Structure formats: structure tokens, C-alpha cells
Amino acid sequence: MTSSSVTPANPPYPALKGSNRQLFAFATISKRLPIILTKTIDDVYQAYHKLPPEESEKQAEAKQIIEKISRLKYELQHDKPLIPIEDDGEPDVQIWNDSLKKYFDGVGWYDSPWLFCECYMYRRIRETFSQSKHWKNYDPYFKQKIDAFRGSLLPVQELAKRFAEPPHIDNKEEEWVLFHELVQVCLWGNATDLSLLANMSAEEIKKLQSSGGRAQLAEKEKNILCNHIDRLWKHLQTLKGGRVDFILDNAGFELFVDLIFADWLIQAGYASKIQFHCKAIPWFVSDVMPVDFQWMIDNIAKFFGPEDQNLITLGQRWKSYIDQGLWYVRTDRFWTLGFAFWELVNQPALWEDLKQSQLLIFKGDLNFRKLTYDCQWPTTTPFEEAIGPLTQGPPVVVLRTNKADVCVGLPDGKEKEVEEKDKDWRYSGKYAVICFSNGNSSSQSI
Ligand code: F6P
Ligand code: MG
């Protein structure tokens, strides 16, 4: 199939939809999303209760927001058609409504692709806040992000101790070992997004978050079902201070480990500039917005209690990267649309900018779903095939723990092997993939 016949309503393989009860898509739409909406309402309700009586206008708006989110929950639970986004002054209203009309006119939550309707839900939530006067900049997930990060004290201290002073490396072999470890830390940092935490015990979360030393990482490496880390290493060796982009996923612990990795890329001389792409609006509960990024830089030293010297050092260095323009943060509305990343090539400004990069590092499950069009590919489909037109751009790597049905890049026989061990392997967050594509780069990988 050529990419021109591929549309949001017609992915390269049948879309993953909630109408198929066997899929995690069904479990998400029927159970997880209503819980997320309820928690969103709870957050606003609590914030409302803290308001002094003189803020009556803000109180009245909170009630309206709660009512609208309740209505949204009703629509979802009764499988009503997806309705247009109301004009809330945000710059993407037209794009959303054009795509709703063109591809999903009259289609309900369970019959539209899971990818699209889940993104749509977060955009509808946003609408309720954007239409207000006093809650425009309110993030109903900020508190959850902070609270979850509080539980990461031990792994954060452990990593800060090792990386506050850039590690002394004597030779390529040692550097390769360190790189291996860092990539894995960065990968498993994605295991615990807030929309999935409910499915794991506290013990399991701790285990996933702690890097636990090299032995434990080697053990976890067995759960990386497609592992192109050597191709990524080979590509890095061609970079001599180029630009690297992170298309970020979650705030808190995952962002912390992403920054540790980004810091190392600078210190080791592989990157001279790093561009971080954040979400412009509250997204999938735990995703990073610019304000979360800034919060990390400003608060990391003091967040966990008495100031930790290693964290002070890291925070100061990261701030200096930003001040010197070595690190910079940007957003683009494209990241919070309902489209797969095959559409990136039709976003001239963003795509032209991304093409200036020598490596695009996509973090997380949702980014993986968007890269691969969130459809029913055979799991042995090569990653390059699944990302379609993106192979025309710079090299791409995705570090993703598996939290949704779609999976590609597996060697023959792997699916059967893992299926026999663990029926939930596609979405439990305990398995992962590191998929690399060389893009149109002339340097040949393996
Ligand atoms: O709610 C479903 C989902 O898209 C899952 O794919 C995943 O659990 C989560 O939301 C997002 O995960 P991530 O933060 O890794 O993109
Ligand atoms: Mg996320």
C-alpha cells in the first residue's frame, strides 16, 4: 500500500479499535478512560473546594468544567458519535474539526481508531478549561505528576550520584558499556506512565524504576523484544557534536532519566545542541509540557527534602545548558493532534525543522503508536516499513515499553515465544522495544 492511500480512517493495516473486545483498546476505552475522566473531575473538585468565597466566578467555572467533563464521560460510556471541538480559541480547532468531518463523521468511540479517539478525549478535556477565564492554564494532572515523582527518590539519588560529575571514561569499550546502560535506563524510565500505574503493584513499579545496577539491567535486557541498540551506537559514532531531538513523553522520573541521557550526549561530545519537544496542552495524564520541564530544572535540587549536592550540580548544569542555548524546549500543536506521525511529512514547518536534526529520539508508548499508525501489523514487520514516509527523514530511534496492542520489529518466532510466557506482553509495560531506522542518512547501518 502506498502512503497516499493511507489516511487516519484507513491505516496500512486494520486500525486497533475499541470495538474488538480482545484488544487492550477495548479495556482502555471501556475501563481506563472513564477512570481517568473521573480522576480529572476529582482534581478540579478539590481545587474548587480550596477556593475562598470571594473567588465565586472561578468557582462557577469549576462547576461548568466538572459538568462538561461528566458529559464527555457519558458520551464515551454510551458510545456516542465524536462531536466537533467547540471554538475555544486554541489554534487547532479547525484541524480537529476538519479531520472529524472528513474521516469520522457520525462515528462513535468504539468504532473510531483507538489512537484517534483517545487523543480526541484529551483535546475535549482541554476544551473545557480553555473556554474558561480562570482555568485556562490549569493542568488537572500537575499534582499527579508531582506526587508520582516523589516515589522515585531512590533511583533519582542513585543516578544523580553517578552522573553529577560526568563519568571518567578511558576507552571506547567502557563508553559502549555506559551507553548501553544509559539507553536502558532511559527506556525503562518509560515503564511507569500515570495512565497505567493502576495496573501495577508498588513493588513492580519500584523494580522497573530502579536501574538496579548492571546485573539487573542485563536481566531486563531479555525483555527487549526488538533491540537495535547496536545500530543506534553505530549511528552515534558518526555524530560529532550534531543536533539531537527528543520527542519527549512523560514528566517526572522519565523526564529525569531523559535529561541524564541528554546530558551525557553533550558531555560525551555526540551532541552540541539538543531540542526537546514537549506537549502544548495537558496530555495523556503524565506527558511533559514546557512548564513541567522548567519545574524539573528549578526544583530537582530541593524537591526530595534537604538539598542533595549531586542534584544541585545536575540542576545547575542543566540550567547552564539552557542559558547557553545548548538545550532548548519547543512545542508544536502537531504533537497533540490525533494523527499518526506518517502525517509529519505534511507539516512543512515542523518537518523541515526536524530534518535539521541528526537523530530523532522518540520516547514512549504513544509516540510508538503514532510512528507505526497504531494498526494490526504482523509483529515481524520491519520497523522501517511501519514508519512509512518517516524513512525519508533523519535517523529515528524509539525507546518504548509496550503498553498497547501494536508491535513491530520482532524477529521470527519471538511473538510465539513471548506469548507462551506472558499473555499480557503487548501492554503490561514489562516488555520493550528499541527500534532504529537510519532514515535517508547516507551512513550505512548494519
Ligand atoms: O491509554 C493508553 C495509552 O496510550 C497506552 O498506550 C499507554 O499506556 C499510555 O496511554 C501512554 O503511554 P506513554 O506515556 O508511554 O506514551
Ligand atoms: Mg505519556
# chains A, B, ... in the order shown; residues from 1 in each chain; ligands from 1
>>> residues_around(residues="region 40-48 of chain A", least_positions_apart="3", cutoff="7 Å", atoms="only C-alpha atoms", output="JSON, numbers by chain")
{"A": [36, 37, 51, 59, 62, 66, 69, 140]}
>>> write_last_selection(atoms="N, CA, C and O atoms", output="PDB file, in the first residue's frame")
ATOM      1  N   ILE A  36      -9.878   7.759  34.195  1.00  0.00           N
ATOM      2  CA  ILE A  36      -9.076   8.985  34.025  1.00  0.00           C
ATOM      3  C   ILE A  36      -9.980  10.223  34.066  1.00  0.00           C
ATOM      4  O   ILE A  36      -9.658  11.230  34.695  1.00  0.00           O
ATOM      5  N   LEU A  37     -11.154  10.115  33.425  1.00  0.00           N
ATOM      6  CA  LEU A  37     -12.075  11.263  33.446  1.00  0.00           C
ATOM      7  C   LEU A  37     -12.566  11.532  34.865  1.00  0.00           C
ATOM      8  O   LEU A  37     -12.651  12.691  35.299  1.00  0.00           O
ATOM      9  N   LEU A  51     -10.966  27.064  47.037  1.00  0.00           N
ATOM     10  CA  LEU A  51     -11.092  28.486  46.668  1.00  0.00           C
ATOM     11  C   LEU A  51     -11.798  29.289  47.757  1.00  0.00           C
ATOM     12  O   LEU A  51     -12.802  28.825  48.318  1.00  0.00           O
ATOM     13  N   GLN A  59     -15.205  29.721  40.971  1.00  0.00           N
ATOM     14  CA  GLN A  59     -15.959  28.561  41.471  1.00  0.00           C
ATOM     15  C   GLN A  59     -17.033  28.136  40.461  1.00  0.00           C
ATOM     16  O   GLN A  59     -17.208  26.956  40.170  1.00  0.00           O
ATOM     17  N   ALA A  62     -15.553  26.317  37.678  1.00  0.00           N
ATOM     18  CA  ALA A  62     -15.158  24.946  38.035  1.00  0.00           C
ATOM     19  C   ALA A  62     -16.351  24.012  37.895  1.00  0.00           C
ATOM     20  O   ALA A  62     -16.240  22.889  37.391  1.00  0.00           O
ATOM     21  N   ILE A  66     -16.593  20.735  35.509  1.00  0.00           N
ATOM     22  CA  ILE A  66     -16.962  19.402  36.014  1.00  0.00           C
ATOM     23  C   ILE A  66     -18.160  18.855  35.239  1.00  0.00           C
ATOM     24  O   ILE A  66     -18.181  17.693  34.836  1.00  0.00           O
ATOM     25  N   ILE A  69     -17.015  17.762  31.725  1.00  0.00           N
ATOM     26  CA  ILE A  69     -16.228  16.518  31.688  1.00  0.00           C
ATOM     27  C   ILE A  69     -17.150  15.323  31.993  1.00  0.00           C
ATOM     28  O   ILE A  69     -16.995  14.248  31.418  1.00  0.00           O
ATOM     29  N   PRO A 140      -4.892  19.702  35.109  1.00  0.00           N
ATOM     30  CA  PRO A 140      -5.520  18.846  36.126  1.00  0.00           C
ATOM     31  C   PRO A 140      -4.647  17.650  36.516  1.00  0.00           C
ATOM     32  O   PRO A 140      -5.010  16.892  37.413  1.00  0.00           O
TER      33      PRO A 140
END
>>> residues_near_ligand(ligand="ligand 2", cutoff="6 Å", atoms="only C-alpha atoms and all ligand atoms", output="PyMOL selection string")
chain A and resi 193+249-250+284+286-287
>>> write_last_selection(atoms="N, CA and C atoms", output="short mmCIF file (atom, residue, chain, number, x, y, z; two decimals), in the first residue's frame")
data_model
loop_
_atom_site.label_atom_id
_atom_site.label_comp_id
_atom_site.auth_asym_id
_atom_site.auth_seq_id
_atom_site.Cartn_x
_atom_site.Cartn_y
_atom_site.Cartn_z
N ASP A 193 4.13 5.18 33.17
CA ASP A 193 3.33 6.39 32.93
C ASP A 193 2.08 6.33 33.82
N ASP A 249 8.15 12.15 26.28
CA ASP A 249 6.88 11.55 26.68
C ASP A 249 6.48 12.07 28.07
N ASN A 250 6.84 11.33 29.12
CA ASN A 250 6.29 11.65 30.44
C ASN A 250 7.19 12.54 31.30
N PHE A 284 -2.46 12.88 27.95
CA PHE A 284 -2.28 11.51 28.42
C PHE A 284 -1.75 11.48 29.86
N SER A 286 0.34 12.12 32.00
CA SER A 286 1.68 12.38 32.54
C SER A 286 2.66 13.05 31.58
N ASP A 287 2.21 13.44 30.38
CA ASP A 287 3.19 13.97 29.41
C ASP A 287 3.78 15.32 29.83
#
>>> residues_near_ligand(ligand="ligand 1", cutoff="8 Å", atoms="only C-alpha atoms and all ligand atoms", output="PyMOL selection string")
chain A and resi 25+28+32-33+115+118+190-196+249-250+284+286-287+363-369+400-405+427+429
>>> atom_distance(atom1="CA of Glu385 (chain A)", atom2="CA of Val406 (chain A)")
13.9 Å
>>> closest_atom_pairs(of="region 253-307 of chain A", to="region 146-155 of chain A", cutoff="10 Å", atoms="only C-alpha atoms", output="Markdown table")
| residue | atom | partner | partner_atom | distance |
| --- | --- | --- | --- | --- |
| A:Phe253 | CA | A:Phe149 | CA | 5.8 |
| A:Glu254 | CA | A:Phe149 | CA | 9.1 |
| A:Phe256 | CA | A:Phe149 | CA | 9.5 |
| A:Val257 | CA | A:Pro155 | CA | 9.6 |
| A:Ser286 | CA | A:Ala148 | CA | 9.5 |
| A:Asp292 | CA | A:Ile146 | CA | 9.3 |
| A:Trp295 | CA | A:Ile146 | CA | 9.8 |
| A:Met296 | CA | A:Ile146 | CA | 9.9 |
| A:Phe303 | CA | A:Arg150 | CA | 8.1 |
| A:Phe304 | CA | A:Leu153 | CA | 6.7 |
| A:Gly305 | CA | A:Leu153 | CA | 9.8 |
>>> residues_around(residues="Leu410 (chain A)", least_positions_apart="4", cutoff="7 Å", atoms="only C-alpha atoms", output="short mmCIF file (atom, residue, chain, number, x, y, z; two decimals) with N, CA and C atoms, in the first residue's frame")
data_model
loop_
_atom_site.label_atom_id
_atom_site.label_comp_id
_atom_site.auth_asym_id
_atom_site.auth_seq_id
_atom_site.Cartn_x
_atom_site.Cartn_y
_atom_site.Cartn_z
N LEU A 225 12.26 -6.85 23.16
CA LEU A 225 11.89 -7.83 22.14
C LEU A 225 12.48 -7.51 20.77
N CYS A 226 12.66 -6.24 20.51
CA CYS A 226 13.36 -5.82 19.28
C CYS A 226 14.44 -4.88 19.78
N THR A 379 3.72 -8.78 13.68
CA THR A 379 4.79 -8.30 14.57
C THR A 379 6.17 -8.39 13.93
N THR A 380 6.29 -9.18 12.85
CA THR A 380 7.60 -9.29 12.18
C THR A 380 7.83 -8.18 11.15
N LYS A 414 9.55 -14.78 17.78
CA LYS A 414 9.56 -14.06 19.06
C LYS A 414 8.16 -13.91 19.65
#
>>> closest_residue(among="A:Asp332, A:Asn227, A:Ala160, A:Glu417", to="Gly315 (chain A)", atoms="only C-alpha atoms")
A:Ala160
>>> closest_residue(among="A:Pro166, A:Gly252, A:Pro378, A:Pro8", to="Gln294 (chain A)", atoms="only C-alpha atoms")
A:Gly252
>>> closest_residue(among="A:Ala262, A:Ile125, A:Ala15, A:Leu182", to="Trp327 (chain A)", atoms="only C-alpha atoms")
A:Ala262
>>> closest_residue(among="A:Val285, A:Phe436, A:Val6, A:Ala27", to="Lys234 (chain A)", atoms="only C-alpha atoms")
A:Phe436
>>> atom_distance(atom1="CA of Gly325 (chain A)", atom2="CA of Glu174 (chain A)")
29.4 Å
>>> closest_residue(among="A:Ser320, A:Pro411, A:Phe261, A:Gln237", to="Trp176 (chain A)", atoms="only C-alpha atoms")
A:Gln237
>>> residues_around(residues="Trp335 (chain A)", least_positions_apart="5", cutoff="9 Å", atoms="only C-alpha atoms", output="list of chain:residue names")
A:Ile247, A:His277, A:Cys278, A:Lys279, A:Ala280, A:Phe341
>>> write_last_selection(atoms="N, CA and C atoms", output="compact mmCIF listing (two decimals), in the first residue's frame")
# COMPACT_ATOMS: atom_id res chain seq x y z
N ILE A 247 11.74 13.71 21.30
CA ILE A 247 10.29 13.92 21.30
C ILE A 247 9.83 13.25 22.59
N HIS A 277 11.08 18.33 22.55
CA HIS A 277 9.72 18.63 22.11
C HIS A 277 8.73 18.22 23.19
N CYS A 278 7.99 19.21 23.68
CA CYS A 278 7.01 18.96 24.74
C CYS A 278 5.60 19.11 24.18
N LYS A 279 4.63 18.70 24.97
CA LYS A 279 3.22 18.87 24.59
C LYS A 279 2.75 20.27 24.97
N ALA A 280 1.90 20.83 24.11
CA ALA A 280 1.41 22.19 24.36
C ALA A 280 0.26 22.21 25.36
N PHE A 341 2.27 9.72 12.99
CA PHE A 341 3.42 10.53 12.57
C PHE A 341 3.73 10.38 11.08
>>> closest_residue(among="A:Lys172, A:Lys319, A:His78, A:Lys370", to="Tyr110 (chain A)", atoms="only C-alpha atoms")
A:His78
>>> select_by_dssp(residues="region 104-189 of chain A", states="alpha helix (DSSP H)", output="number ranges by chain")
A: 104, 114-130, 142-150, 153-163, 172-188
>>> atom_distance(atom1="CA of Ile387 (chain A)", atom2="CA of Trp264 (chain A)")
27.7 Å
>>> residues_around(residues="Arg126 (chain A)", least_positions_apart="3", cutoff="8 Å", atoms="only C-alpha atoms", output="MDAnalysis selection string")
chainID A and resid 122:123 129:130 281:282
